[in-house]
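Student: See work.cif below, with mmCIF, C-alpha atoms.
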data_start
#
loop_
_atom_site.group_PDB
_atom_site.id
_atom_site.type_symbol
_atom_site.label_atom_id
_atom_site.label_comp_id
_atom_site.auth_asym_id
_atom_site.auth_seq_id
_atom_site.Cartn_x
_atom_site.Cartn_y
_atom_site.Cartn_z
ATOM 1 C CA VAL A 1 131.186 59.690 99.031
ATOM 2 C CA SER A 2 129.798 57.408 96.379
ATOM 3 C CA ARG A 3 130.668 57.860 92.712
ATOM 4 C CA THR A 4 127.348 59.298 91.528
ATOM 5 C CA PRO A 5 127.348 62.479 93.677
ATOM 6 C CA LEU A 6 131.040 62.965 92.904
ATOM 7 C CA ARG A 7 130.412 62.698 89.153
ATOM 8 C CA GLU A 8 127.536 65.163 89.418
ATOM 9 C CA ALA A 9 129.694 67.607 91.367
ATOM 10 C CA ILE A 10 132.432 67.384 88.728
ATOM 11 C CA LYS A 11 129.871 67.925 85.946
ATOM 12 C CA THR A 12 128.590 70.999 87.786
ATOM 13 C CA LEU A 13 132.108 72.384 88.162
ATOM 14 C CA ALA A 14 132.726 71.700 84.450
ATOM 15 C CA SER A 15 129.503 73.510 83.482
ATOM 16 C CA GLU A 16 130.668 76.491 85.550
ATOM 17 C CA GLY A 17 134.015 76.499 83.732
ATOM 18 C CA LEU A 18 136.091 75.663 86.805
ATOM 19 C CA VAL A 19 137.038 72.117 85.790
ATOM 20 C CA GLU A 20 137.912 70.593 82.423
ATOM 21 C CA ILE A 21 136.982 67.015 81.632
ATOM 22 C CA LEU A 22 139.599 65.390 79.432
ATOM 23 C CA PRO A 23 138.839 62.142 77.607
ATOM 24 C CA ALA A 24 140.785 59.182 79.021
ATOM 25 C CA LYS A 25 142.356 61.450 81.676
ATOM 26 C CA GLY A 26 139.521 62.622 83.903
ATOM 27 C CA ALA A 27 138.849 66.018 85.407
ATOM 28 C CA ILE A 28 141.461 68.699 86.028
ATOM 29 C CA VAL A 29 141.152 72.136 87.608
ATOM 30 C CA ARG A 30 141.052 74.734 84.859
ATOM 31 C CA ARG A 31 143.904 77.229 84.729
ATOM 32 C CA PHE A 32 142.831 80.608 83.472
ATOM 33 C CA ASN A 33 145.229 82.502 81.253
ATOM 34 C CA GLU A 34 145.379 86.262 80.711
ATOM 35 C CA HIS A 35 142.962 86.083 77.771
ATOM 36 C CA ASP A 36 140.392 84.140 79.862
ATOM 37 C CA ILE A 37 140.614 86.642 82.712
ATOM 38 C CA ARG A 38 140.350 89.606 80.346
ATOM 39 C CA ASP A 39 137.242 88.087 78.720
ATOM 40 C CA ILE A 40 135.571 87.458 82.070
ATOM 41 C CA LEU A 41 136.412 90.944 83.363
ATOM 42 C CA GLU A 42 135.024 92.526 80.180
ATOM 43 C CA VAL A 43 131.697 90.771 80.700
ATOM 44 C CA LEU A 44 131.676 91.535 84.440
ATOM 45 C CA LYS A 45 132.274 95.185 83.559
ATOM 46 C CA LEU A 46 129.277 95.261 81.225
ATOM 47 C CA LEU A 47 127.094 93.455 83.758
ATOM 48 C CA GLU A 48 128.080 95.719 86.650
ATOM 49 C CA GLN A 49 127.629 98.848 84.560
ATOM 50 C CA ALA A 50 124.125 97.744 83.563
ATOM 51 C CA ALA A 51 123.405 96.880 87.198
ATOM 52 C CA ALA A 52 124.677 100.303 88.313
ATOM 53 C CA ARG A 53 122.188 102.115 86.108
ATOM 54 C CA LEU A 54 119.306 99.847 87.141
ATOM 55 C CA THR A 55 120.196 99.976 90.834
ATOM 56 C CA CYS A 56 120.248 103.767 90.876
ATOM 57 C CA GLN A 57 116.762 103.739 89.315
ATOM 58 C CA ARG A 58 115.166 100.835 91.176
ATOM 59 C CA ALA A 59 116.827 100.255 94.539
ATOM 60 C CA SER A 60 115.004 101.203 97.688
ATOM 61 C CA ASP A 61 116.546 103.625 100.170
ATOM 62 C CA ASP A 62 116.988 100.663 102.533
ATOM 63 C CA GLU A 63 118.940 98.694 99.915
ATOM 64 C CA ILE A 64 121.238 101.659 99.279
ATOM 65 C CA ALA A 65 121.734 102.131 103.025
ATOM 66 C CA ALA A 66 122.580 98.427 103.405
ATOM 67 C CA ILE A 67 125.243 98.694 100.690
ATOM 68 C CA GLU A 68 126.660 101.774 102.423
ATOM 69 C CA ARG A 69 126.864 99.838 105.703
ATOM 70 C CA LEU A 70 128.755 97.038 103.947
ATOM 71 C CA HIS A 71 131.111 99.649 102.538
ATOM 72 C CA GLN A 72 131.762 101.150 105.988
ATOM 73 C CA GLN A 73 132.505 97.675 107.387
ATOM 74 C CA MET A 74 134.858 97.043 104.466
ATOM 75 C CA MET A 75 136.657 100.325 105.118
ATOM 76 C CA GLN A 76 137.252 99.284 108.732
ATOM 77 C CA LEU A 77 138.695 95.985 107.518
ATOM 78 C CA TYR A 78 140.972 97.962 105.201
ATOM 79 C CA ARG A 79 142.166 100.118 108.127
ATOM 80 C CA ASP A 80 142.738 96.911 110.122
ATOM 81 C CA ARG A 81 144.635 95.413 107.153
ATOM 82 C CA ASN A 82 142.435 92.307 107.254
ATOM 83 C CA ARG A 83 142.762 91.500 103.552
ATOM 84 C CA LEU A 84 140.803 88.226 103.465
ATOM 85 C CA ALA A 85 137.763 89.608 105.307
ATOM 86 C CA TYR A 86 138.037 92.819 103.261
ATOM 87 C CA PHE A 87 138.042 90.820 100.030
ATOM 88 C CA LYS A 88 134.982 88.796 101.011
ATOM 89 C CA LEU A 89 133.071 91.945 101.896
ATOM 90 C CA ASN A 90 134.277 93.628 98.703
ATOM 91 C CA GLN A 91 132.792 90.782 96.666
ATOM 92 C CA SER A 92 129.574 91.070 98.694
ATOM 93 C CA ILE A 93 129.329 94.769 97.841
ATOM 94 C CA HIS A 94 129.634 94.118 94.121
ATOM 95 C CA THR A 95 126.986 91.407 94.437
ATOM 96 C CA ALA A 96 124.721 93.684 96.513
ATOM 97 C CA ILE A 97 124.875 96.389 93.843
ATOM 98 C CA VAL A 98 123.913 93.842 91.188
ATOM 99 C CA ARG A 99 121.188 92.342 93.416
ATOM 100 C CA ALA A 100 119.690 95.783 94.025
ATOM 101 C CA SER A 101 119.166 96.108 90.259
ATOM 102 C CA GLY A 102 116.197 93.785 90.676
ATOM 103 C CA ASN A 103 117.282 91.643 87.720
ATOM 104 C CA ALA A 104 117.637 87.989 88.749
ATOM 105 C CA THR A 105 119.233 86.880 85.467
ATOM 106 C CA LEU A 106 121.838 89.630 85.718
ATOM 107 C CA LEU A 107 122.585 88.565 89.294
ATOM 108 C CA GLN A 108 122.914 84.870 88.435
ATOM 109 C CA THR A 109 125.250 85.527 85.509
ATOM 110 C CA HIS A 110 127.330 87.939 87.593
ATOM 111 C CA GLU A 111 127.706 85.435 90.450
ATOM 112 C CA GLN A 112 128.847 82.671 88.078
ATOM 113 C CA LEU A 113 131.526 84.819 86.494
ATOM 114 C CA GLN A 114 132.618 86.338 89.770
ATOM 115 C CA ALA A 115 133.123 82.840 91.223
ATOM 116 C CA ARG A 116 135.393 81.826 88.336
ATOM 117 C CA ILE A 117 138.031 84.441 89.067
ATOM 118 C CA LYS A 118 137.662 84.897 92.810
ATOM 119 C CA ARG A 119 141.162 83.630 93.629
ATOM 120 C CA VAL A 120 142.839 85.748 90.972
ATOM 121 C CA ARG A 121 141.033 88.872 92.158
ATOM 122 C CA PHE A 122 142.101 88.221 95.757
ATOM 123 C CA ILE A 123 145.742 88.026 94.705
ATOM 124 C CA GLY A 124 145.378 91.297 92.797
ATOM 125 C CA ASN A 125 145.347 93.356 96.003
ATOM 126 C CA GLU A 126 148.535 91.928 97.498
ATOM 127 C CA LYS A 127 150.532 95.106 96.917
ATOM 128 C CA PRO A 128 149.563 98.002 99.224
ATOM 129 C CA GLU A 129 149.369 100.607 96.438
ATOM 130 C CA ARG A 130 147.018 98.406 94.396
ATOM 131 C CA TRP A 131 144.825 97.772 97.412
ATOM 132 C CA ALA A 132 144.715 101.513 98.139
ATOM 133 C CA GLY A 133 143.696 102.192 94.538
ATOM 134 C CA ALA A 134 140.830 99.721 94.753
ATOM 135 C CA VAL A 135 139.670 101.285 98.024
ATOM 136 C CA SER A 136 139.685 104.753 96.471
ATOM 137 C CA GLU A 137 137.529 103.482 93.606
ATOM 138 C CA HIS A 138 135.095 101.974 96.112
ATOM 139 C CA GLU A 139 134.810 105.351 97.831
ATOM 140 C CA GLU A 140 133.841 106.863 94.462
ATOM 141 C CA MET A 141 131.302 104.083 93.889
ATOM 142 C CA ILE A 142 129.542 104.731 97.168
ATOM 143 C CA ALA A 143 129.455 108.485 96.523
ATOM 144 C CA ALA A 144 127.794 107.900 93.135
ATOM 145 C CA LEU A 145 125.397 105.357 94.607
ATOM 146 C CA ARG A 146 124.383 107.781 97.368
ATOM 147 C CA LYS A 147 123.506 110.372 94.716
ATOM 148 C CA ARG A 148 121.766 107.688 92.617
ATOM 149 C CA ASP A 149 124.010 108.728 89.760
ATOM 150 C CA GLY A 150 123.691 105.672 87.513
ATOM 151 C CA GLU A 151 126.046 106.977 84.838
ATOM 152 C CA GLY A 152 128.633 108.021 87.417
ATOM 153 C CA LEU A 153 128.436 104.675 89.178
ATOM 154 C CA ALA A 154 128.696 102.839 85.848
ATOM 155 C CA GLU A 155 131.800 104.864 84.940
ATOM 156 C CA VAL A 156 133.544 104.150 88.249
ATOM 157 C CA LEU A 157 132.680 100.450 88.121
ATOM 158 C CA GLY A 158 133.980 100.266 84.554
ATOM 159 C CA ARG A 159 137.241 101.935 85.529
ATOM 160 C CA HIS A 160 137.491 99.718 88.620
ATOM 161 C CA LEU A 161 137.147 96.549 86.556
ATOM 162 C CA ASP A 162 139.583 97.827 83.920
ATOM 163 C CA LYS A 163 142.131 98.416 86.671
ATOM 164 C CA THR A 164 141.395 94.973 88.101
ATOM 165 C CA MET A 165 143.024 93.506 84.998
ATOM 166 C CA GLU A 166 146.147 95.571 85.697
ATOM 167 C CA ARG A 167 146.091 94.463 89.347
ATOM 168 C CA VAL A 168 145.807 90.739 88.581
ATOM 169 C CA ARG A 169 148.139 90.555 85.569
ATOM 170 C CA ASP A 170 151.142 89.557 87.735
ATOM 171 C CA ALA A 171 149.154 86.724 89.307
ATOM 172 C CA ILE A 172 148.314 85.051 86.008
ATOM 173 C CA VAL A 173 151.552 85.230 84.054
#
Let me see the structure of the file written as C-alpha coordinates.

Tutor:
Amino acid sequence: VSRTPLREAIKTLASEGLVEILPAKGAIVRRFNEHDIRDILEVLKLLEQAAARLTCQRASDDEIAAIERLHQQMMQLYRDRNRLAYFKLNQSIHTAIVRASGNATLLQTHEQLQARIKRVRFIGNEKPERWAGAVSEHEEMIAALRKRDGEGLAEVLGRHLDKTMERVRDAIV
(Lines of atoms letter the chains of each structure in order from A and count residues from 1; the text may use other names and numbers.)
(Lines give C-alpha, C1' and ligand atoms only; values in the text may rest on other atoms or scores of the structure.)
Protein backbone atom coordinates (compact mmCIF):
# COMPACT_ATOMS: atom_id res chain seq x y z
CA VAL A 1 0.00 0.00 0.00
CA SER A 2 1.35 3.40 -0.88
CA ARG A 3 1.59 6.18 1.69
CA THR A 4 -1.30 8.32 0.45
CA PRO A 5 -4.12 5.77 0.96
CA LEU A 6 -2.59 4.80 4.31
CA ARG A 7 -2.52 8.43 5.46
CA GLU A 8 -6.12 8.89 4.37
CA ALA A 9 -7.18 5.76 6.23
CA ILE A 10 -5.46 6.99 9.40
CA LYS A 11 -7.12 10.41 9.05
CA THR A 12 -10.49 8.69 8.70
CA LEU A 13 -9.87 6.59 11.80
CA ALA A 14 -8.80 9.75 13.67
CA SER A 15 -11.97 11.58 12.58
CA GLU A 16 -14.01 8.65 13.90
CA GLY A 17 -12.20 8.85 17.25
CA LEU A 18 -10.55 5.43 16.97
CA VAL A 19 -6.98 6.66 16.46
CA GLU A 20 -5.07 9.59 17.95
CA ILE A 21 -2.46 11.42 15.92
CA LEU A 22 0.38 12.60 18.13
CA PRO A 23 2.85 15.20 16.87
CA ALA A 24 6.32 13.74 16.25
CA LYS A 25 5.07 10.27 17.26
CA GLY A 26 2.50 9.25 14.67
CA ALA A 27 -0.82 7.50 15.08
CA ILE A 28 -1.79 5.30 18.01
CA VAL A 29 -4.96 3.33 18.68
CA ARG A 30 -7.10 5.26 21.13
CA ARG A 31 -7.75 3.66 24.50
CA PHE A 32 -11.14 4.52 25.90
CA ASN A 33 -11.41 5.08 29.62
CA GLU A 34 -14.53 4.72 31.78
CA HIS A 35 -15.49 8.37 31.26
CA ASP A 36 -15.25 8.00 27.45
CA ILE A 37 -17.41 4.88 27.47
CA ARG A 38 -19.97 6.46 29.79
CA ASP A 39 -20.20 9.52 27.51
CA ILE A 40 -20.68 7.39 24.40
CA LEU A 41 -23.29 5.18 26.09
CA GLU A 42 -25.21 8.25 27.29
CA VAL A 43 -25.45 9.55 23.73
CA LEU A 44 -26.29 6.10 22.34
CA LYS A 45 -29.06 5.87 24.93
CA LEU A 46 -30.57 9.17 23.82
CA LEU A 47 -30.27 8.23 20.15
CA GLU A 48 -31.83 4.79 20.62
CA GLN A 49 -34.64 6.18 22.75
CA ALA A 50 -35.46 8.76 20.07
CA ALA A 51 -35.26 6.03 17.43
CA ALA A 52 -37.58 3.81 19.49
CA ARG A 53 -40.32 6.42 19.52
CA LEU A 54 -39.92 7.19 15.81
CA THR A 55 -39.74 3.53 14.82
CA CYS A 56 -42.95 2.69 16.64
CA GLN A 57 -44.66 5.54 14.76
CA ARG A 58 -43.09 5.17 11.32
CA ALA A 59 -41.89 1.62 10.71
CA SER A 60 -43.79 -0.60 8.33
CA ASP A 61 -45.17 -3.94 9.48
CA ASP A 62 -42.52 -5.60 7.30
CA GLU A 63 -39.71 -3.70 9.03
CA ILE A 64 -41.03 -4.72 12.46
CA ALA A 65 -41.34 -8.33 11.30
CA ALA A 66 -37.76 -8.26 9.99
CA ILE A 67 -36.48 -7.03 13.37
CA GLU A 68 -38.46 -9.80 15.09
CA ARG A 69 -36.86 -12.38 12.79
CA LEU A 70 -33.40 -11.05 13.68
CA HIS A 71 -34.35 -11.33 17.34
CA GLN A 72 -35.46 -14.96 16.93
CA GLN A 73 -32.17 -15.79 15.18
CA MET A 74 -30.27 -14.07 17.99
CA MET A 75 -32.18 -16.08 20.59
CA GLN A 76 -31.15 -19.31 18.85
CA LEU A 77 -27.53 -18.16 18.92
CA TYR A 78 -27.93 -17.48 22.64
CA ARG A 79 -29.29 -21.02 23.20
CA ASP A 80 -26.35 -22.35 21.16
CA ARG A 81 -23.95 -20.22 23.25
CA ASN A 82 -22.44 -18.74 20.08
CA ARG A 83 -21.41 -15.44 21.67
CA LEU A 84 -19.62 -13.86 18.69
CA ALA A 85 -22.46 -14.50 16.22
CA TYR A 86 -24.97 -13.47 18.91
CA PHE A 87 -23.11 -10.21 19.47
CA LYS A 88 -23.00 -9.37 15.77
CA LEU A 89 -26.72 -10.00 15.43
CA ASN A 90 -27.39 -8.03 18.62
CA GLN A 91 -25.63 -5.02 17.11
CA SER A 92 -27.64 -5.52 13.90
CA ILE A 93 -30.89 -5.42 15.88
CA HIS A 94 -30.00 -2.13 17.53
CA THR A 95 -29.07 -0.74 14.12
CA ALA A 96 -32.28 -2.09 12.54
CA ILE A 97 -34.39 -0.35 15.19
CA VAL A 98 -32.59 2.92 14.50
CA ARG A 99 -32.82 2.41 10.72
CA ALA A 100 -36.56 1.79 10.95
CA SER A 101 -36.94 5.27 12.47
CA GLY A 102 -36.51 6.63 8.96
CA ASN A 103 -33.98 9.23 10.13
CA ALA A 104 -30.72 8.93 8.17
CA THR A 105 -28.80 11.38 10.36
CA LEU A 106 -29.81 9.50 13.50
CA LEU A 107 -28.68 6.25 11.88
CA GLN A 108 -25.31 7.63 10.77
CA THR A 109 -24.53 9.10 14.19
CA HIS A 110 -25.61 5.88 15.91
CA GLU A 111 -23.41 3.72 13.67
CA GLN A 112 -20.35 5.91 14.31
CA LEU A 113 -20.72 5.73 18.07
CA GLN A 114 -21.61 2.07 18.08
CA ALA A 115 -18.42 1.29 16.11
CA ARG A 116 -16.25 3.10 18.67
CA ILE A 117 -17.15 0.80 21.54
CA LYS A 118 -17.91 -2.44 19.73
CA ARG A 119 -15.05 -4.38 21.36
CA VAL A 120 -15.87 -3.17 24.85
CA ARG A 121 -19.53 -4.11 24.44
CA PHE A 122 -18.59 -7.60 23.25
CA ILE A 123 -16.49 -8.16 26.36
CA GLY A 124 -19.39 -7.00 28.54
CA ASN A 125 -21.31 -10.24 28.00
CA GLU A 126 -18.51 -12.61 29.00
CA LYS A 127 -20.17 -13.59 32.27
CA PRO A 128 -23.25 -15.82 31.85
CA GLU A 129 -25.45 -13.82 34.25
CA ARG A 130 -24.69 -10.57 32.40
CA TRP A 131 -25.42 -12.18 29.06
CA ALA A 132 -28.71 -13.55 30.42
CA GLY A 133 -29.65 -10.08 31.66
CA ALA A 134 -29.03 -8.56 28.25
CA VAL A 135 -31.12 -11.28 26.60
CA SER A 136 -34.00 -10.63 28.99
CA GLU A 137 -33.90 -6.93 28.11
CA HIS A 138 -33.98 -7.81 24.41
CA GLU A 139 -37.10 -9.91 25.01
CA GLU A 140 -38.73 -6.84 26.58
CA MET A 141 -37.64 -4.69 23.63
CA ILE A 142 -39.26 -6.98 21.09
CA ALA A 143 -42.48 -7.15 23.12
CA ALA A 144 -42.69 -3.34 23.18
CA LEU A 145 -41.82 -3.10 19.50
CA ARG A 146 -44.54 -5.62 18.61
CA LYS A 147 -47.09 -3.44 20.42
CA ARG A 148 -45.60 -0.30 18.83
CA ASP A 149 -45.19 1.06 22.33
CA GLY A 150 -42.64 3.81 21.68
CA GLU A 151 -42.42 4.92 25.31
CA GLY A 152 -42.09 1.34 26.53
CA LEU A 153 -39.41 0.55 23.97
CA ALA A 154 -37.56 3.77 24.84
CA GLU A 155 -37.64 2.85 28.54
CA VAL A 156 -36.28 -0.66 27.96
CA LEU A 157 -33.56 0.58 25.61
CA GLY A 158 -32.57 3.22 28.16
CA ARG A 159 -32.35 0.64 30.93
CA HIS A 160 -30.47 -1.73 28.62
CA LEU A 161 -27.84 0.89 27.82
CA ASP A 162 -27.55 1.93 31.47
CA LYS A 163 -26.87 -1.69 32.37
CA THR A 164 -24.37 -1.94 29.51
CA MET A 165 -22.13 0.42 31.47
CA GLU A 166 -22.31 -1.94 34.46
CA ARG A 167 -21.56 -4.91 32.19
CA VAL A 168 -18.49 -3.34 30.56
CA ARG A 169 -16.99 -1.62 33.62
CA ASP A 170 -14.69 -4.59 34.37
CA ALA A 171 -13.36 -4.56 30.80
CA ILE A 172 -12.22 -0.94 30.92
CA VAL A 173 -10.61 -0.62 34.33

Student: Contacts of stretch 77-92 of chain A at 12 Å or less, counting all atoms listed in the file, minus same-chain residues fewer than 3 places along, as a PyMOL selection string?

Tutor: chain A and resi 66-74+95-100+107+110-111+113-115+117-128+131-139+141

Student: Write out as a VMD selection string each polymer residue whose atoms come within 7 Å of stretch 14-19 of chain A, counting all atoms listed in the file; drop sequence neighbours fewer than 2 positions from it.

Tutor: chain A and resid 10 to 12 21 27 to 30 112 116

Student: Which residues come within 9 Å of A:Ile37, counting only C-alpha atoms, excluding same-chain residues fewer than 3 positions away, as a PyMOL selection string?

Tutor: chain A and resi 32-34+40-42+117+120+165+168-169+172

Student: Rank nothing, just name the residue among A:Leu106, A:Ala65, A:Arg159, A:Leu54 nearest to A:Ala143, using only C-alpha atoms.

Tutor: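 Checking each candidate against A:Ala143, we get A:Ala65 as the closest.
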
Student: What gap, in Å, lies between atom CA of A:Gln76 and atom CA of A:Leu145?

Tutor: 19.4 Å

Student: Tell me, in Å to one decimal, how far atom CA of A:Leu157 is from atom CA of A:Arg38.

Tutor: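 Pair atom CA of A:Leu157 / atom CA of A:Arg38 returns 15.4 Å.
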
Student: Identify, on the basis of only C-alpha atoms, every residue whose closest approach to A:Gln49 does not exceed 9 Å; exclude the query and any residue fewer than 5 positions from it along the same chain; express the result as a list in words.

Tutor: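 Final neighbour list, sorted by chain and number: Leu44, Leu54, Gly150, Glu151, Leu153, Ala154, Glu155, Val156, Leu157 and Gly158 of chain A.
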
Student: For the atom pair atom CA of A:Arg58 and atom CA of A:Gly102, what is the interatomic distance in Å to one decimal place?

Tutor: 7.1 Å
